[in-house]
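Encoded as structure tokens, the structure appears first; notes follow it.
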Amino acid sequence: MSSQTNNFKGKYFILKDTLLIDFPDIEKIIFINNHIDTINEINQEYGEKIKQIHFAGETFDSLKIEKRENQLIKIFPRSKKEIIKFAKPLKEKNFFISPTFPVQILEDISIISSMGLAVDLIHIIDTLDFKLTLNLLDYYLHNASLNVPIEPFHTILVSKLHRSTQTLWNMNLRNPDQFYHCDETGLSESPETLNNAQYQYLIDHQAKTFKRSTQNSPLQSYFNSLPKARPKCMACPHFHICIAWALYNKDSCQKWKKCLTTLQEAFRELKALEKFDQEHTIIKPPSH
Ligand code: SF4
């Protein structure tokens with residue numbers, strides 16, 4: 001990842017309130033808010049800018065979110081019962097479910113996905129039991145009836161298939177080149193540094209823009225330190241996706257390594273199948 005620039009074009013701003021919403025530098029917003037009225041008001045006025053909405057209120061209330069086309073809505077239910085109760089309208093709304101209740105067995109997730117609801121585990125995957133994580137990955141890869149994504153596995157596999165440069169940092173909304181976490185004072189590269197008031201940019205409310213702060217970028221320092229501090233990462237086949245995320249403030253990356261290896265094997269199998277299909281199909285499907 002390169003060093004920060006002050007070009008804000010195309011970057012994501014992660015906002016929890018409406019304070020900066022009409023700043024001209026802000027083009028793409030991930031709006032994290034639990035008040036339905038606020039969400040619907042800003043979505044009506046600034047919907048073009050709002051790319052994602054994260055809502056951690058009551059599941060029933062989430063159904064009142066007026067989702068616009070191409071928006072991703074992620075809800076954070078506290079109970080499995082609530083999801084089951086409202087499964088039909090949640091499916092119709094096409095919301096992503098990010099569980100915040102304890103996920104202890106495969107069925108905690110498979111029951112959600114079997115009802116046609118997309119699941120996102122990125123925020124809890126590091127806390128899940130190793131074996132359970134692998135079971136979930138196996139379920140995602142090999143359950144023929146599954147027709148919704150289970151994240152982050154799905155994005156990793158699809159990004160391999162499309163040769164895109166999706167990384168675990170991006171999936172966790174942490175990348176000093178891409179995501180700015182905001183409060184009323186400034187922009188920071190992660191929720192942690194935002195909470196510690198380590199700002200990369202300070203807000204000029206009058207001019208409705210941002211001024212570079214003198215603060216260092218802890219993430220940039222981490223990336224710069226990798227060749228010396230994490231030589232094994234530099235030689236790791238998953239470095240292009242992981243970039244040492246799995247060892248950031250953690251002692252072991254064994255679980256992530258196993259998941260990434262399994263996804264790489266699945267990718268290879270899919271590619272081989274695609275090649276086999278192309279070579280052995282006698283009657284080609286009509287082209288439109
Ligand atoms: S999987 Fe582990 S070794 Fe590989 S890049 Fe990530 S943290 Fe480094």
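By convention in this document, the chains of the structure tokens carry letters A, B, ... by their order, each chain's residues are numbered from 1, and ligands are numbered from 1 in the order they are shown.
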
What does the list of residues within 9 Å of ligand 1 look like if you count only C-alpha atoms and all ligand atoms, written as a PDB file with C-alpha atoms, in the first residue's frame?
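Written file, result-v2.pdb:
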ATOM      1  CA  ARG A 230       7.549 -10.274   9.072  1.00  0.00           C
ATOM      2  CA  PRO A 231       9.901 -12.016   6.616  1.00  0.00           C
ATOM      3  CA  LYS A 232       7.639 -15.103   6.565  1.00  0.00           C
ATOM      4  CA  CYS A 233       4.759 -12.944   5.316  1.00  0.00           C
ATOM      5  CA  MET A 234       6.869 -11.684   2.433  1.00  0.00           C
ATOM      6  CA  ALA A 235       7.324 -15.292   1.265  1.00  0.00           C
ATOM      7  CA  CYS A 236       3.741 -16.337   1.984  1.00  0.00           C
ATOM      8  CA  PRO A 237       1.629 -17.303  -1.069  1.00  0.00           C
ATOM      9  CA  HIS A 238      -1.330 -15.397   0.439  1.00  0.00           C
ATOM     10  CA  PHE A 239       0.511 -12.132   1.000  1.00  0.00           C
ATOM     11  CA  HIS A 240      -1.307 -10.343  -1.845  1.00  0.00           C
ATOM     12  CA  ILE A 241      -4.640 -10.888  -0.054  1.00  0.00           C
ATOM     13  CA  CYS A 242      -3.523 -10.891   3.566  1.00  0.00           C
ATOM     14  CA  ILE A 243      -0.652  -8.327   3.639  1.00  0.00           C
ATOM     15  CA  ALA A 244       0.011  -9.549   7.182  1.00  0.00           C
ATOM     16  CA  TRP A 245      -3.497  -8.616   8.375  1.00  0.00           C
ATOM     17  CA  ALA A 246      -3.728 -11.994  10.089  1.00  0.00           C
ATOM     18  CA  LEU A 247      -0.739 -11.111  12.288  1.00  0.00           C
ATOM     19  CA  TYR A 248      -1.679  -7.505  12.977  1.00  0.00           C
ATOM     20  CA  SER A 252      -0.777 -16.513  15.087  1.00  0.00           C
ATOM     21  CA  CYS A 253      -2.136 -16.534  11.568  1.00  0.00           C
ATOM     22  CA  GLN A 254      -2.652 -20.300  11.461  1.00  0.00           C
ATOM     23  CA  LYS A 255      -6.421 -20.075  11.028  1.00  0.00           C
ATOM     24  CA  TRP A 256      -6.287 -17.508   8.260  1.00  0.00           C
ATOM     25  CA  LYS A 257      -3.500 -19.393   6.507  1.00  0.00           C
ATOM     26  CA  LYS A 258      -5.560 -22.574   6.500  1.00  0.00           C
ATOM     27  CA  CYS A 259      -8.646 -20.718   5.193  1.00  0.00           C
ATOM     28  CA  LEU A 260      -6.668 -18.964   2.460  1.00  0.00           C
ATOM     29  CA  THR A 261      -4.992 -22.227   1.408  1.00  0.00           C
TER      30      THR A 261
END

DSSP alpha helix (DSSP H) selection over segment 116-277 of chain A, as a ChimeraX atom specification: /A:130-142,153-161,168-171,191-195,218-229,231-234,239-242,254-277

Please write the residues from the selection above to a file, keeping C-alpha atoms, as a short mmCIF file (atom, residue, chain, number, x, y, z; two decimals), in the first residue's frame.
data_model
loop_
_atom_site.label_atom_id
_atom_site.label_comp_id
_atom_site.auth_asym_id
_atom_site.auth_seq_id
_atom_site.Cartn_x
_atom_site.Cartn_y
_atom_site.Cartn_z
CA PHE A 130 -10.58 -22.77 14.59
CA LYS A 131 -12.50 -25.97 13.76
CA LEU A 132 -15.80 -24.13 13.47
CA THR A 133 -14.23 -21.63 11.04
CA LEU A 134 -13.04 -24.48 8.83
CA ASN A 135 -16.45 -26.16 9.03
CA LEU A 136 -18.08 -22.90 7.93
CA LEU A 137 -15.65 -22.59 5.05
CA ASP A 138 -16.32 -26.19 4.03
CA TYR A 139 -20.06 -25.52 4.21
CA TYR A 140 -19.63 -22.43 2.00
CA LEU A 141 -17.55 -24.33 -0.55
CA HIS A 142 -19.35 -27.65 -0.69
CA PHE A 153 -14.96 -16.40 1.99
CA HIS A 154 -17.09 -15.40 -0.98
CA THR A 155 -15.29 -12.13 -1.68
CA ILE A 156 -11.88 -13.82 -1.41
CA LEU A 157 -12.85 -16.56 -3.86
CA VAL A 158 -14.54 -14.18 -6.30
CA SER A 159 -11.61 -11.77 -6.20
CA LYS A 160 -9.33 -14.68 -7.14
CA LEU A 161 -11.62 -15.60 -10.01
CA LEU A 168 -8.30 -8.56 4.15
CA TRP A 169 -7.51 -4.96 5.13
CA ASN A 170 -10.14 -3.64 2.73
CA MET A 171 -12.67 -6.20 3.91
CA PRO A 191 -11.69 3.02 14.42
CA GLU A 192 -8.91 2.39 16.97
CA THR A 193 -6.81 5.41 15.95
CA LEU A 194 -9.98 7.48 15.67
CA ASN A 195 -10.85 6.61 19.28
CA PRO A 218 0.44 3.60 12.41
CA LEU A 219 -0.85 1.34 9.63
CA GLN A 220 1.60 2.78 7.10
CA SER A 221 4.39 2.20 9.64
CA TYR A 222 3.20 -1.39 10.03
CA PHE A 223 3.24 -1.92 6.25
CA ASN A 224 6.69 -0.34 5.97
CA SER A 225 8.01 -2.58 8.75
CA LEU A 226 6.87 -5.84 7.12
CA PRO A 227 10.01 -6.80 5.14
CA LYS A 228 12.07 -6.78 8.34
CA ALA A 229 9.47 -7.59 10.96
CA PRO A 231 9.90 -12.02 6.62
CA LYS A 232 7.64 -15.10 6.56
CA CYS A 233 4.76 -12.94 5.32
CA MET A 234 6.87 -11.68 2.43
CA PHE A 239 0.51 -12.13 1.00
CA HIS A 240 -1.31 -10.34 -1.84
CA ILE A 241 -4.64 -10.89 -0.05
CA CYS A 242 -3.52 -10.89 3.57
CA GLN A 254 -2.65 -20.30 11.46
CA LYS A 255 -6.42 -20.08 11.03
CA TRP A 256 -6.29 -17.51 8.26
CA LYS A 257 -3.50 -19.39 6.51
CA LYS A 258 -5.56 -22.57 6.50
CA CYS A 259 -8.65 -20.72 5.19
CA LEU A 260 -6.67 -18.96 2.46
CA THR A 261 -4.99 -22.23 1.41
CA THR A 262 -8.39 -23.97 1.22
CA LEU A 263 -9.82 -21.10 -0.84
CA GLN A 264 -6.81 -21.22 -3.16
CA GLU A 265 -7.39 -24.96 -3.69
CA ALA A 266 -11.07 -24.29 -4.42
CA PHE A 267 -10.05 -21.61 -6.90
CA ARG A 268 -7.69 -24.04 -8.67
CA GLU A 269 -10.43 -26.67 -8.87
CA LEU A 270 -12.86 -24.16 -10.36
CA LYS A 271 -10.31 -23.02 -12.95
CA ALA A 272 -9.52 -26.63 -13.90
CA LEU A 273 -13.23 -27.36 -14.24
CA GLU A 274 -13.71 -24.28 -16.41
CA LYS A 275 -10.86 -25.40 -18.68
CA PHE A 276 -12.22 -28.96 -18.82
CA ASP A 277 -15.67 -27.59 -19.71
#

Using only C-alpha atoms, determine which residues lie at most 12 Å from Asp61 of chain A, disregarding the query and same-chain residues fewer than 2 positions distant; provide the list as a PDB file with C-alpha atoms, in the first residue's frame.
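Below you can see result-v3.pdb, which holds the result:
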ATOM      1  CA  ASN A  34     -28.844   3.083  14.377  1.00  0.00           C
ATOM      2  CA  HIS A  35     -31.583   5.681  13.943  1.00  0.00           C
ATOM      3  CA  ILE A  36     -34.024   4.771  11.227  1.00  0.00           C
ATOM      4  CA  ASP A  37     -35.311   8.313  10.721  1.00  0.00           C
ATOM      5  CA  ILE A  39     -30.845   6.888   7.917  1.00  0.00           C
ATOM      6  CA  ASN A  40     -33.894   7.412   5.741  1.00  0.00           C
ATOM      7  CA  PHE A  55     -27.376  -0.764  11.274  1.00  0.00           C
ATOM      8  CA  ALA A  56     -27.044  -2.372  14.708  1.00  0.00           C
ATOM      9  CA  GLY A  57     -30.505  -1.622  16.086  1.00  0.00           C
ATOM     10  CA  GLU A  58     -33.511  -3.918  16.403  1.00  0.00           C
ATOM     11  CA  THR A  59     -33.946  -6.358  13.520  1.00  0.00           C
ATOM     12  CA  LEU A  63     -36.890  -3.457   7.825  1.00  0.00           C
ATOM     13  CA  LYS A  64     -37.867   0.227   7.755  1.00  0.00           C
ATOM     14  CA  ILE A  65     -34.611   1.177   6.015  1.00  0.00           C
ATOM     15  CA  GLU A  66     -35.474   2.479   2.571  1.00  0.00           C
ATOM     16  CA  ILE A  75     -27.413  -5.385   9.886  1.00  0.00           C
ATOM     17  CA  PHE A  76     -25.930  -6.681  13.146  1.00  0.00           C
ATOM     18  CA  PRO A  77     -28.615  -8.764  14.880  1.00  0.00           C
ATOM     19  CA  GLU A  82     -35.016 -12.362  15.456  1.00  0.00           C
ATOM     20  CA  PHE A  86     -38.068 -11.812  10.037  1.00  0.00           C
ATOM     21  CA  PRO A  89     -38.737  -9.630   4.638  1.00  0.00           C
ATOM     22  CA  LEU A  90     -34.972  -9.595   5.307  1.00  0.00           C
TER      23      LEU A  90
END

Extract, using only C-alpha atoms, all DNA, RNA and protein residues at most 8 Å from Gln71 of chain A, discarding same-chain residues fewer than 6 positions from it, and format them as a CSV table (one decimal) with C-alpha atoms, in the first residue's frame.
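File written: out_13.csv
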chain,number,residue,atom,x,y,z
A,50,ILE,CA,-24.3,6.4,0.4
A,51,LYS,CA,-22.7,3.1,-0.7
A,52,GLN,CA,-23.3,1.1,2.5
A,53,ILE,CA,-25.4,1.4,5.6

Which residues, written as a CSV table (one decimal) with N, CA and C atoms, in the first residue's frame, have at least one atom at most 10 Å from Ile203 of chain A, with only C-alpha atoms counted and residues fewer than 6 positions away on the same chain left out?
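Result file follows (part25.csv):
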chain,number,residue,atom,x,y,z
A,20,LEU,N,-20.6,15.6,8.3
A,20,LEU,CA,-19.7,15.9,7.1
A,20,LEU,C,-20.4,15.6,5.8
A,182,CYS,N,-14.3,8.8,10.4
A,182,CYS,CA,-14.4,10.2,10.7
A,182,CYS,C,-15.1,10.4,12.1
A,183,ASP,N,-14.7,11.5,12.7
A,183,ASP,CA,-15.6,12.1,13.8
A,183,ASP,C,-15.6,13.6,13.5
A,184,GLU,N,-16.1,14.4,14.5
A,184,GLU,CA,-16.2,15.8,14.3
A,184,GLU,C,-14.9,16.6,14.2
A,185,THR,N,-13.8,15.9,14.6
A,185,THR,CA,-12.5,16.6,14.6
A,185,THR,C,-11.7,16.2,13.3
A,186,GLY,N,-11.7,15.0,13.0
A,186,GLY,CA,-10.8,14.6,11.9
A,186,GLY,C,-11.1,13.3,11.3
A,187,LEU,N,-10.1,12.9,10.4
A,187,LEU,CA,-10.2,11.6,9.7
A,187,LEU,C,-9.0,10.7,10.2
A,209,THR,N,-13.4,21.2,4.1
A,209,THR,CA,-12.4,20.3,3.5
A,209,THR,C,-11.5,19.8,4.7
A,210,PHE,N,-10.4,19.1,4.3
A,210,PHE,CA,-9.5,18.5,5.3
A,210,PHE,C,-8.1,18.9,5.1
A,211,LYS,N,-7.4,19.1,6.3
A,211,LYS,CA,-6.0,19.5,6.2
A,211,LYS,C,-5.1,18.4,6.8
A,212,ARG,N,-4.1,18.1,6.1
A,212,ARG,CA,-3.1,17.1,6.6
A,212,ARG,C,-2.7,17.3,8.0
A,213,SER,N,-2.7,16.3,8.9
A,213,SER,CA,-2.3,16.5,10.2
A,213,SER,C,-0.8,16.1,10.3

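Atom CA of Asp17 of chain A lies 21.2 Å from atom CA of Asn175 of chain A.
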
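For segment 6-10 of chain A, the residues within 7 Å (counting only C-alpha atoms, excluding itself and residues fewer than 6 positions away along the chain) are A:Asp25, A:Glu27, A:Lys28.
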
Go ahead and save the residues from that selection, with N, CA and C atoms, as a PDB file, in the first residue's frame.
ATOM      1  N   ASP A  25     -15.659  17.028  -0.910  1.00  0.00           N
ATOM      2  CA  ASP A  25     -14.610  16.001  -1.065  1.00  0.00           C
ATOM      3  C   ASP A  25     -15.150  14.584  -0.846  1.00  0.00           C
ATOM      4  N   GLU A  27     -17.318  11.592  -1.565  1.00  0.00           N
ATOM      5  CA  GLU A  27     -18.110  11.047  -2.675  1.00  0.00           C
ATOM      6  C   GLU A  27     -18.737   9.694  -2.349  1.00  0.00           C
ATOM      7  N   LYS A  28     -18.044   8.942  -1.473  1.00  0.00           N
ATOM      8  CA  LYS A  28     -18.542   7.596  -1.165  1.00  0.00           C
ATOM      9  C   LYS A  28     -18.610   7.454   0.349  1.00  0.00           C
TER      10      LYS A  28
END

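Each of A:Leu19, A:Ser188, A:Gln200, A:Asn94 was checked against Arg174 of chain A using only C-alpha atoms; the smallest atom-to-atom distance is that of A:Ser188.
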
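Relative to atom CA of Ile122 of chain A, atom CA of Glu151 of chain A is found at 6.4 Å.
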
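Between atom CA of Ser217 of chain A and atom CA of His181 of chain A the separation is 13.1 Å.
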
Running DSSP on the backbone, which parts of segment 9-255 of chain A land in strand (DSSP E), as a PyMOL selection string? chain A and resi 12-15+28-32+50-55+72-75+96-97+118-120+150-151+179-182+186-188+201-204+209-212
